[in-house]
Protein chains: 2
Amino acid sequence: MLQIYLFNYTMNLLFLRKEDNLKYKSYKKSDDYSYVFGAFPVIELLENSPEIIREIIISEKYNEIDELVGKLETKGIKYSISDKSIRRIADKGNIYLIAVFDKKRGRIEDGNHIVLHEPSDMGNLGTIIRTMLGFGFRDLAIVGNSCDHFNPKVIRASMGAFFKINIEYFEDIDDYLNKFKDREIYSFILSSDNQKKLVDIKSCGRYSLIFGNEGSGLPTKFESIGDSVLIPQSEDVDSLNLTIAAAVAMFWFKENVEI
Amino acid sequence: MLQIYLFNYTMNLLFLRKEDNLKYKSYKKSDDYSYVFGAFPVIELLENSPEIIREIIISEKYNEIDELVGKLETKGIKYSISDKSIRRIADKGNIYLIAVFDKKRGRIEDGNHIVLHEPSDMGNLGTIIRTMLGFGFRDLAIVGNSCDHFNPKVIRASMGAFFKINIEYFEDIDDYLNKFKDREIYSFILSSDNQKKLVDIKSCGRYSLIFGNEGSGLPTKFESIGDSVLIPQSEDVDSLNLTIAAAVAMFWFKENVEI
């Protein structure tokens, strides 16, 4: 019996599971799935949200194949072992694990929100998601003509934080404001007639912090959406980097504003 | 007379200045010069620090050649017009201007300092330089085994701020501490026995804020260098991104700590 088992197990390891899954190619925005690259974030996803995983693709060179396969079989998660599949999907080399996961339209809760209006840089978006988690923000609204937040680059830059916060997309800011009414709104704008300085905000109720696009900032109509807030900065720079401005504002609200 | 002048001018424009300068190739750390890529930062350098420019290399397709050449001739700055030179130097396409400038060992003044211990990511370093300028910090000490701060990638990420702050390199932290003695030192460390929270620092004298490497942070010996400071953060992230931690600390000291 044991011999038969070992034979099957070995055959399985050598041949049966080594399949080139032609279905998955390099990421496309129009797909209803996306990818997580790299052992560390894939394993985090496996621990935190196994229910959204379609399949795990494992490199033939991954050095803990047996342990991982055991875990995947216990959890009933589909997997394949194929360097060819990995090369077809990943844009970079040295990737040993890929998770294919379902894009699901997310919903945010009615807590304190970070709102990004038309963010365009995927690396920035990922860094902001990581910073949100670092400062304890759990709900991100993305509004308007923005970069694809499911792109693997966003997930990579978030260093796993992507799967620990809620993200909801809104066509425009009115949709967002109609859904979440009972709160204080702070629009971060570089120049406006009637501005509060960030450090002068000492207390508030439930709130939303709104930030504009990396290049163009918030359109002027946001001057009449909530309070306009300025992060003081020298005239030697055009503006702070979006990730920096968002981080400083999050830090101030979490650590210094009494709710 | 006018005809002769125009003839010379045209010949000059067409042939004489169009030279492929073979001396300059893609950036090397061992060179005693570096490059600034792109029209906007090159023109900023020209306005702010023309004395360090060796040569300006202009694309044949740059659309304001005459105006620029007039300015360079007035200032007595060497230039050449050559797409070949540009292609040989630049790693990316669509570059119309390159400035070649002298690497000069910088000196910082005895004000408030940002100190980076072994920073390794050139994009991060550039972003920190930009953020420093945004919050009014003018002196950056770089310590130990760090990335090459003259690399064009650092300059690009700083968005021109590179030429507006002082940068001094120190072999190790003792060299730095020996040179700048009369000041308060704050070492940003994730876990240490005796930590101050950033928001509990309310006043101080002249100061230095020390940050460690992106991956490994500050070595334990920094626990006995000045005060250890913690930026409060959730346990869901390993640590904040270095650029984010440095920005939040700079913001706090500039806006909230009485000096």
# chains A, B, ... in the order shown; residues from 1 in each chain; ligands from 1
call {"tool": "residues_around", "arguments": {"residues": "B:Leu125", "least_positions_apart": "6", "cutoff": "9 Å", "atoms": "only C-alpha atoms", "output": "ChimeraX atom specification"}}
result
/B:116,119,147,149,154-155,157-158,243
call {"tool": "write_last_selection", "arguments": {"atoms": "N, CA, C and O atoms", "output": "JSON list (two decimals), in the first residue's frame"}}
result
[["chain", "number", "residue", "atom", "x", "y", "z"],
["B", 116, "LEU", "N", 20.77, 60.43, 6.93],
["B", 116, "LEU", "CA", 20.35, 59.12, 6.41],
["B", 116, "LEU", "C", 21.51, 58.15, 6.54],
["B", 116, "LEU", "O", 22.60, 58.39, 6.00],
["B", 119, "PRO", "N", 21.28, 54.77, 3.19],
["B", 119, "PRO", "CA", 20.11, 54.67, 2.30],
["B", 119, "PRO", "C", 20.51, 53.91, 1.05],
["B", 119, "PRO", "O", 21.63, 54.08, 0.55],
["B", 147, "CYS", "N", 23.74, 54.38, -1.31],
["B", 147, "CYS", "CA", 23.70, 54.50, -2.77],
["B", 147, "CYS", "C", 24.40, 55.80, -3.18],
["B", 147, "CYS", "O", 24.58, 56.70, -2.37],
["B", 149, "HIS", "N", 24.71, 59.21, -4.29],
["B", 149, "HIS", "CA", 23.71, 60.28, -4.33],
["B", 149, "HIS", "C", 23.86, 61.20, -5.54],
["B", 149, "HIS", "O", 23.00, 62.04, -5.78],
["B", 154, "VAL", "N", 18.70, 59.85, -8.66],
["B", 154, "VAL", "CA", 18.43, 60.61, -7.43],
["B", 154, "VAL", "C", 17.99, 62.02, -7.81],
["B", 154, "VAL", "O", 16.98, 62.55, -7.30],
["B", 155, "ILE", "N", 18.72, 62.60, -8.75],
["B", 155, "ILE", "CA", 18.44, 63.98, -9.16],
["B", 155, "ILE", "C", 17.07, 64.07, -9.80],
["B", 155, "ILE", "O", 16.28, 64.97, -9.52],
["B", 157, "ALA", "N", 14.48, 62.05, -9.26],
["B", 157, "ALA", "CA", 13.43, 61.87, -8.25],
["B", 157, "ALA", "C", 13.29, 63.10, -7.35],
["B", 157, "ALA", "O", 12.23, 63.36, -6.80],
["B", 158, "SER", "N", 14.37, 63.87, -7.22],
["B", 158, "SER", "CA", 14.29, 65.06, -6.36],
["B", 158, "SER", "C", 13.57, 66.21, -7.07],
["B", 158, "SER", "O", 13.27, 67.22, -6.45],
["B", 243, "THR", "N", 10.60, 56.97, 3.09],
["B", 243, "THR", "CA", 10.25, 58.34, 2.69],
["B", 243, "THR", "C", 9.09, 58.87, 3.51],
["B", 243, "THR", "O", 9.05, 60.05, 3.85]]
call {"tool": "interface_residues", "arguments": {"of": "chain A", "to": "chain B", "cutoff": "9 Å", "atoms": "only C-alpha atoms", "output": "ChimeraX atom specification"}}
result
/A:127,130-131,133-136,159-161,164,199,232-241,243-245,247-249,251-252,255-256
call {"tool": "write_last_selection", "arguments": {"atoms": "C-alpha atoms", "output": "compact mmCIF listing (two decimals), in the first residue's frame"}}
result
# COMPACT_ATOMS: atom_id res chain seq x y z
CA THR A 127 2.39 53.22 -1.15
CA ARG A 130 0.53 50.66 2.79
CA THR A 131 0.66 53.97 4.68
CA LEU A 133 -2.68 50.43 7.02
CA GLY A 134 0.34 51.76 8.95
CA PHE A 135 -1.76 54.57 10.40
CA GLY A 136 -4.85 52.44 10.95
CA MET A 159 3.49 45.22 0.16
CA GLY A 160 0.51 43.07 1.04
CA ALA A 161 -1.56 45.89 2.59
CA LYS A 164 -6.15 44.28 4.41
CA VAL A 199 -2.04 71.88 12.18
CA PRO A 232 2.38 74.30 4.94
CA GLN A 233 5.39 74.00 2.62
CA SER A 234 8.19 76.16 1.31
CA GLU A 235 7.85 78.06 -1.94
CA ASP A 236 10.90 76.24 -3.28
CA VAL A 237 8.87 73.20 -4.31
CA ASP A 238 5.79 73.13 -6.52
CA SER A 239 4.09 70.72 -4.17
CA LEU A 240 4.80 67.79 -1.94
CA ASN A 241 4.67 64.35 -3.50
CA THR A 243 2.19 60.01 -1.05
CA ILE A 244 3.99 62.43 1.30
CA ALA A 245 1.03 64.82 1.57
CA ALA A 247 0.93 60.42 4.87
CA VAL A 248 1.43 63.68 6.75
CA ALA A 249 -2.34 64.31 6.79
CA PHE A 251 -0.49 61.06 10.72
CA TRP A 252 -1.91 64.39 11.87
CA GLU A 255 -2.20 61.22 16.29
CA ASN A 256 -3.22 64.81 16.91
call {"tool": "residues_around", "arguments": {"residues": "stretch 185-190 of chain A", "least_positions_apart": "5", "cutoff": "10 Å", "atoms": "only C-alpha atoms", "output": "number ranges by chain"}}
result
A: 113-115, 177, 195-198, 204-212, 217-220, 222-233, 238-240, 245-246, 249
call {"tool": "atom_distance", "arguments": {"atom1": "atom CA of A:Asp31", "atom2": "atom CA of A:Glu73"}}
result
26.2 Å
call {"tool": "atom_distance", "arguments": {"atom1": "atom CA of B:Val42", "atom2": "atom CA of A:Ser120"}}
result
25.5 Å
call {"tool": "residues_around", "arguments": {"residues": "A:Glu168", "least_positions_apart": "6", "cutoff": "9 Å", "atoms": "only C-alpha atoms", "output": "PyMOL selection string"}}
result
chain A and resi 105-108+139-143
call {"tool": "select_by_dssp", "arguments": {"residues": "stretch 50-224 of chain B", "states": "strand (DSSP E or B)", "output": "count of residues only"}}
result
46
call {"tool": "atom_distance", "arguments": {"atom1": "atom CA of A:Tyr27", "atom2": "atom CA of A:Asn151"}}
result
7.4 Å
call {"tool": "residues_around", "arguments": {"residues": "A:Ile52", "least_positions_apart": "5", "cutoff": "9 Å", "atoms": "only C-alpha atoms", "output": "VMD selection string"}}
result
chain A and resid 45 100 to 104
call {"tool": "write_last_selection", "arguments": {"atoms": "N, CA and C atoms", "output": "PDB file, in the first residue's frame"}}
result
ATOM      1  N   LEU A  45      -1.647  36.457   1.312  1.00  0.00           N
ATOM      2  CA  LEU A  45      -2.997  36.371   0.746  1.00  0.00           C
ATOM      3  C   LEU A  45      -3.650  35.047   1.127  1.00  0.00           C
ATOM      4  N   VAL A 100      -3.468  33.885  -8.550  1.00  0.00           N
ATOM      5  CA  VAL A 100      -4.493  34.461  -9.412  1.00  0.00           C
ATOM      6  C   VAL A 100      -5.708  34.683  -8.523  1.00  0.00           C
ATOM      7  N   PHE A 101      -6.216  35.921  -8.463  1.00  0.00           N
ATOM      8  CA  PHE A 101      -7.357  36.157  -7.570  1.00  0.00           C
ATOM      9  C   PHE A 101      -8.479  36.913  -8.280  1.00  0.00           C
ATOM     10  N   ASP A 102      -9.686  36.713  -7.793  1.00  0.00           N
ATOM     11  CA  ASP A 102     -10.866  37.368  -8.360  1.00  0.00           C
ATOM     12  C   ASP A 102     -10.884  38.850  -8.018  1.00  0.00           C
ATOM     13  N   LYS A 103     -11.073  39.688  -9.028  1.00  0.00           N
ATOM     14  CA  LYS A 103     -11.367  41.093  -8.760  1.00  0.00           C
ATOM     15  C   LYS A 103     -12.809  41.166  -8.293  1.00  0.00           C
ATOM     16  N   LYS A 104     -13.004  41.638  -7.100  1.00  0.00           N
ATOM     17  CA  LYS A 104     -14.374  41.795  -6.612  1.00  0.00           C
ATOM     18  C   LYS A 104     -14.581  43.258  -6.304  1.00  0.00           C
TER      19      LYS A 104
END
call {"tool": "select_by_dssp", "arguments": {"residues": "stretch 10-253 of chain B", "states": "alpha helix (DSSP H)", "output": "JSON, numbers by chain"}}
result
{"B": [10, 11, 39, 40, 41, 42, 43, 44, 45, 46, 47, 48, 65, 66, 67, 68, 69, 70, 71, 72, 73, 74, 75, 83, 84, 85, 86, 87, 88, 89, 122, 123, 124, 125, 126, 127, 128, 129, 130, 131, 132, 133, 134, 152, 153, 154, 155, 156, 157, 158, 173, 174, 175, 176, 177, 178, 179, 242, 243, 244, 245, 246, 247, 248, 249, 250, 251, 252, 253]}
call {"tool": "residues_around", "arguments": {"residues": "B:Ile89", "least_positions_apart": "2", "cutoff": "9 Å", "atoms": "only C-alpha atoms", "output": "PyMOL selection string"}}
result
chain B and resi 24-27+35+84-87+91+98
